[in-house]
Amino acid sequence: MEVDDKQSNAGSDSGLNPQRLGSRKVSWLSARVDSLNVEAGRIDRRHSHSKDSWARTLSLAFQSIGVIYGDIGTSPLYVFSSTFTDGIKHNDDILGVLSLIIYTIVLLPMIKYVFIVLWANDNGDGGTFALYSKICKYAPKVSQIPNQQPEDMELSNYRIEPPSMELKYAAKIKEFIENSRISKQILFLLTILGTSMVMGDGVLTPSISVLSAIGGIPHLHTDAIVWISVVILIILFSVQQFGTDKVGFSFAPIISVWFLFISGIGLYNLFKNDIGVLKAFYPKYIVDYFKRNGKQGWVSLGGVFLCITGTEAMFADLGHFNIRAIQISFSTMVFPALLMAYTGQAAYLRKHPGDVLNTFYASIPHRVYWPMFVVAVAAAIIASQAMISGAYAIISQSLALGCFPRVKVVHTSAKYEGQVYIPEINYVLMVACVLVTLGFKTTAKIGNAYGIAVCFVMVITTYMLTLIMLMIWKTSIWKVALFIIFFGLIELVYLSSVLEKFTQGGFLPLLLAFFLVTIMTIWHYVHKHKYMYEACNKVSVDEVQKIVQNPKINRVPGIGLFYSELVQGIPPIFRHFVNNIPSINTVLIFISIKKIPISRVLPEERFLFRRIRPKEHRMFRCVVRYGYNDVHETPATFERQLVDNLIYFIKEEHAMLRGPSIHVYEDELLRSSILVPGAPTAGGSARHAIHAEQSLQQNNGPTGLSSGSINTENFTKTHSEQVAEEEFVRNLMDEGFVYMLGESKVIAKNDSSFFKGFVVNHVYDFLRKNFRQGEDVLAIPHSRLVRVGMTYEI
């Protein structure tokens, strides 16, 4: 069936009128005008995230060593060889490069990430999408899909601090971003670009790490090194299904031994060869290095930058651990081990500059060479884990925000909710890693591509963190300026250097990013326009009443759950359903699964109900809210929670209606929802964007209610009627549940351009058919599923 998308263009605008509200004598409605708040109003606001115990924090710190730091920890395998690709021309160049390495590690991983960026998490979750969701939470209109509701801000994990009068610039920046279409699009594009770059990093990290380690076998042919690396990579991706929790505890001891080994060998080389390299802590050697080498010194920064690859994993993998755990593990284990390793290698090169292309293995004492080789191979394998885990976490977040096709997300740990595994992404990463390894074959070529992805993510993180500092943290202007100038300048210098190797393999991460950005943009574009189409073509109040009152429509025993993405109103696909199947269940609940831009929603705050009048029809609207790291319940658990919350809603509704004798008509739920710029809330306080109900259809009926209207009537509810309704709902559980899922096919309008038609009709349709369907993602039992298909023109 094809639907005319112009059917709802005419209509009257009737928003919430604060003057009319003020003229009513309302008691319990003085703070809330929407009956959805009956459910939200009962929540205990004393909930807070309990701080992790020291025992759990130390356990997570130990796990993080195996999951996060394998990448940055194995950088000593190839940094000096990647920096001095043409050999060492001046002995003091070693001091200059060592000084660059020292201060790069101190400034970017240690100061910027460990002590600043980690605090920009979104309720414990990190990564580019966590930064974006944090901004969207504070400035709701930044979100591309207008499904915001004022009730969302009442969630325990959705707390935001309003701008203070002393820092008005925070409100001005927020207003500018919310009202600027270009700013919102740039912010969104930067977000998905950063996500795509992390995915590209997840492809390059395993290849370069494993090739570097296997290359330590003496007299081994290049092809043999490549094929051994391929086998190891396949094994690595095969064990991902066991989860980060088990993988972390398995890998952490190996990486810990690795750090102890490189620390000990570093100290050995320092005292044996040249303790004078400690002069590199004096930054003057950096200046001298650039004076001697000029442009070649700038080009060599691409090799130096490899010493901090994997830094972004500390933030991307934050949801698997916590801030204190990462701070402890980096400061006490990783940071000192890296400094000792690079210092020892520099001391060795001062006496043996000819070994620069094989610095790591050449500097190992002969007695511990083979034990060190075994540990190095194991550590290199584990180095891949950091970016693999980060890729899973970021894709999981992007799914929740409607920016990625549906895939299966498996939560692998009952204790740590942020630990996920995505089978489809795992297979794609594995194939990509194998192809990169077979194609490039050497670490030198992969190194040219490696730094670009890492550096781009760092620059994007700096930009988004600056917005958070200004809008949310309300940091003083001069501190923000110091942050962005200092760190931004350092990162841009490194970025300019790594881009110089674009033609030598640097194009690869950009190509991967372009491919992923294209997929995510197309999916999000169609998803947004499909939502807007449904919002503009809702079923009217009068039409719903006529449908239910039609004698040809049968009421079937049981509870019907009609799924739709639409948060406010009845979707047009319901009209299509009753026209073809003239029957609905005795109790019908229109369910919207809504993803909130926070990590988790407390179970007691998950359900929001509203009754669709008249009461005798027993029809309800329910918004079921999940954070992007929440786990969907099994069907049996979900059904039980749904009925329990519905009964509680009925009980509270009756109690409130008996109290002040005020009746609230919920018919406005059937209207369309818009964002009203600068509109006042019911309480009178000005906001830049609030949720309001607006009719998009002309209401000519004598009983029509304008959106937001409140009528008083005298009526009394007996306790027996309340109990009867509760028992009626409970008894229907025995009749069973029927799931009705709206599956709409989206096509471009006939007058659309060729490019839009190709994107919507072919590319999006291909993605929709070849990724998981809605019932798989929502865990809907197939035996009780009724599909409702419809075609939308956008």
# chains A, B, ... in the order shown; residues from 1 in each chain; ligands from 1
call {"tool": "residues_around", "arguments": {"residues": "His352 of chain A", "least_positions_apart": "5", "cutoff": "12 Å", "atoms": "only C-alpha atoms", "output": "JSON, numbers by chain"}}
result
{"A": [87, 88, 91, 94, 269, 273, 274, 345, 346, 347, 357, 358, 359, 362, 363]}
call {"tool": "write_last_selection", "arguments": {"atoms": "N, CA and C atoms", "output": "PDB file, in the first residue's frame"}}
result
ATOM      1  N   GLY A  87      67.805   5.933   8.579  1.00  0.00           N
ATOM      2  CA  GLY A  87      68.967   5.820   9.451  1.00  0.00           C
ATOM      3  C   GLY A  87      69.189   7.075  10.282  1.00  0.00           C
ATOM      4  N   ILE A  88      70.111   6.968  11.248  1.00  0.00           N
ATOM      5  CA  ILE A  88      70.422   8.085  12.157  1.00  0.00           C
ATOM      6  C   ILE A  88      71.601   8.868  11.573  1.00  0.00           C
ATOM      7  N   ASN A  91      74.114  11.796  15.996  1.00  0.00           N
ATOM      8  CA  ASN A  91      73.895  11.054  17.235  1.00  0.00           C
ATOM      9  C   ASN A  91      72.949  11.769  18.183  1.00  0.00           C
ATOM     10  N   ILE A  94      69.007  11.259  18.305  1.00  0.00           N
ATOM     11  CA  ILE A  94      68.387  10.271  19.204  1.00  0.00           C
ATOM     12  C   ILE A  94      67.810  10.973  20.430  1.00  0.00           C
ATOM     13  N   ASN A 269      69.651  -1.399  29.557  1.00  0.00           N
ATOM     14  CA  ASN A 269      70.318  -0.671  28.478  1.00  0.00           C
ATOM     15  C   ASN A 269      70.726   0.732  28.896  1.00  0.00           C
ATOM     16  N   ASN A 273      74.681   1.201  28.550  1.00  0.00           N
ATOM     17  CA  ASN A 273      75.122   1.895  27.339  1.00  0.00           C
ATOM     18  C   ASN A 273      75.378   3.383  27.535  1.00  0.00           C
ATOM     19  N   ASP A 274      74.350   4.138  27.931  1.00  0.00           N
ATOM     20  CA  ASP A 274      74.567   5.585  28.039  1.00  0.00           C
ATOM     21  C   ASP A 274      73.480   6.205  28.907  1.00  0.00           C
ATOM     22  N   GLN A 345      66.034   2.089  24.947  1.00  0.00           N
ATOM     23  CA  GLN A 345      66.294   1.932  23.521  1.00  0.00           C
ATOM     24  C   GLN A 345      67.162   3.071  22.987  1.00  0.00           C
ATOM     25  N   ALA A 346      66.882   4.293  23.472  1.00  0.00           N
ATOM     26  CA  ALA A 346      67.694   5.439  23.040  1.00  0.00           C
ATOM     27  C   ALA A 346      69.141   5.275  23.494  1.00  0.00           C
ATOM     28  N   ALA A 347      69.332   4.789  24.725  1.00  0.00           N
ATOM     29  CA  ALA A 347      70.684   4.560  25.233  1.00  0.00           C
ATOM     30  C   ALA A 347      71.411   3.516  24.382  1.00  0.00           C
ATOM     31  N   LEU A 357      66.803   0.040  12.576  1.00  0.00           N
ATOM     32  CA  LEU A 357      65.665  -0.584  11.901  1.00  0.00           C
ATOM     33  C   LEU A 357      65.163  -1.825  12.631  1.00  0.00           C
ATOM     34  N   ASN A 358      65.930  -2.316  13.604  1.00  0.00           N
ATOM     35  CA  ASN A 358      65.502  -3.457  14.412  1.00  0.00           C
ATOM     36  C   ASN A 358      65.807  -3.175  15.873  1.00  0.00           C
ATOM     37  N   THR A 359      65.475  -1.944  16.285  1.00  0.00           N
ATOM     38  CA  THR A 359      65.881  -1.443  17.606  1.00  0.00           C
ATOM     39  C   THR A 359      65.435  -2.354  18.738  1.00  0.00           C
ATOM     40  N   ALA A 362      67.102  -5.908  18.745  1.00  0.00           N
ATOM     41  CA  ALA A 362      68.566  -5.780  18.843  1.00  0.00           C
ATOM     42  C   ALA A 362      69.007  -5.371  20.247  1.00  0.00           C
ATOM     43  N   SER A 363      68.147  -4.636  20.955  1.00  0.00           N
ATOM     44  CA  SER A 363      68.521  -4.146  22.290  1.00  0.00           C
ATOM     45  C   SER A 363      68.253  -5.161  23.392  1.00  0.00           C
TER      46      SER A 363
END
call {"tool": "atom_distance", "arguments": {"atom1": "atom CA of Val203 of chain A", "atom2": "atom CA of Val759 of chain A"}}
result
26.8 Å
call {"tool": "residues_around", "arguments": {"residues": "Pro371 of chain A", "least_positions_apart": "6", "cutoff": "12 Å", "atoms": "only C-alpha atoms", "output": "VMD selection string"}}
result
chain A and resid 216 257 to 258 261 to 262 361 364 to 365 377 to 378
call {"tool": "write_last_selection", "arguments": {"atoms": "N, CA and C atoms", "output": "CSV table (one decimal), in the first residue's frame"}}
result
chain,number,residue,atom,x,y,z
A,216,GLY,N,60.4,-10.6,14.7
A,216,GLY,CA,61.5,-10.8,15.5
A,216,GLY,C,62.2,-12.1,15.3
A,257,VAL,N,53.4,-8.8,32.5
A,257,VAL,CA,54.7,-9.3,32.3
A,257,VAL,C,55.5,-8.6,31.2
A,258,TRP,N,54.7,-8.2,30.2
A,258,TRP,CA,55.4,-7.4,29.1
A,258,TRP,C,55.9,-6.1,29.6
A,261,PHE,N,59.0,-6.7,31.6
A,261,PHE,CA,60.1,-7.0,30.8
A,261,PHE,C,60.7,-5.8,30.1
A,262,ILE,N,59.9,-4.9,29.5
A,262,ILE,CA,60.4,-3.8,28.8
A,262,ILE,C,61.0,-2.8,29.7
A,361,TYR,N,64.4,-5.6,19.1
A,361,TYR,CA,65.0,-7.0,19.3
A,361,TYR,C,66.5,-6.9,19.4
A,364,ILE,N,67.7,-6.3,23.1
A,364,ILE,CA,67.4,-7.3,24.1
A,364,ILE,C,68.6,-8.1,24.4
A,365,PRO,N,69.0,-8.3,25.6
A,365,PRO,CA,70.2,-9.2,26.0
A,365,PRO,C,69.9,-10.6,25.5
A,377,VAL,N,55.3,-11.5,21.3
A,377,VAL,CA,54.3,-12.0,20.4
A,377,VAL,C,52.9,-12.0,21.1
A,378,ALA,N,52.9,-12.5,22.3
A,378,ALA,CA,51.6,-12.5,23.0
A,378,ALA,C,51.1,-11.1,23.3
call {"tool": "residues_around", "arguments": {"residues": "Ile326 of chain A", "least_positions_apart": "4", "cutoff": "7 Å", "atoms": "only C-alpha atoms", "output": "ChimeraX atom specification"}}
result
/A:61,64,322,330
call {"tool": "write_last_selection", "arguments": {"atoms": "C-alpha atoms", "output": "tab-separated table (two decimals), in the first residue's frame"}}
result
chain	number	residue	atom	x	y	z
A	61	ALA	CA	42.43	-1.63	36.86
A	64	SER	CA	42.23	-2.72	31.89
A	322	ASN	CA	35.79	3.21	35.31
A	330	PHE	CA	48.14	4.08	33.47
call {"tool": "select_by_dssp", "arguments": {"residues": "segment 359-493 of chain A", "states": "strand (DSSP E or B)", "output": "JSON, numbers by chain"}}
result
{"A": [410, 411, 420, 421]}
call {"tool": "residues_around", "arguments": {"residues": "Arg292 of chain A", "least_positions_apart": "2", "cutoff": "10 Å", "atoms": "only C-alpha atoms", "output": "list in words"}}
result
Lys89, His90, Asp92, Asp93, Val287, Asp288, Tyr289, Phe290, Gly294, Lys295, Gln296 and Gly297 of chain A
call {"tool": "residues_around", "arguments": {"residues": "Ala449 of chain A", "least_positions_apart": "3", "cutoff": "8 Å", "atoms": "only C-alpha atoms", "output": "ChimeraX atom specification"}}
result
/A:204,445-446,452-453,501-502,504-509
call {"tool": "residues_around", "arguments": {"residues": "Ile228 of chain A", "least_positions_apart": "2", "cutoff": "12 Å", "atoms": "only C-alpha atoms", "output": "PyMOL selection string"}}
result
chain A and resi 207+210-215+217+220-226+230-235+377+381+434+437-438+441
call {"tool": "closest_residue", "arguments": {"among": "A:Tyr69, A:Tyr792, A:Phe456, A:Tyr494", "to": "Asn761 of chain A", "atoms": "only C-alpha atoms"}}
result
A:Tyr792
call {"tool": "atom_distance", "arguments": {"atom1": "atom CA of Pro140 of chain A", "atom2": "atom CA of Phe188 of chain A"}}
result
13.3 Å
call {"tool": "select_by_dssp", "arguments": {"residues": "segment 50-209 of chain A", "states": "helix (DSSP H, G or I)", "output": "ChimeraX atom specification"}}
result
/A:54-67,70-73,75-77,79-83,93-115,117-120,128-138,140-142,150-154,165-179,181-209
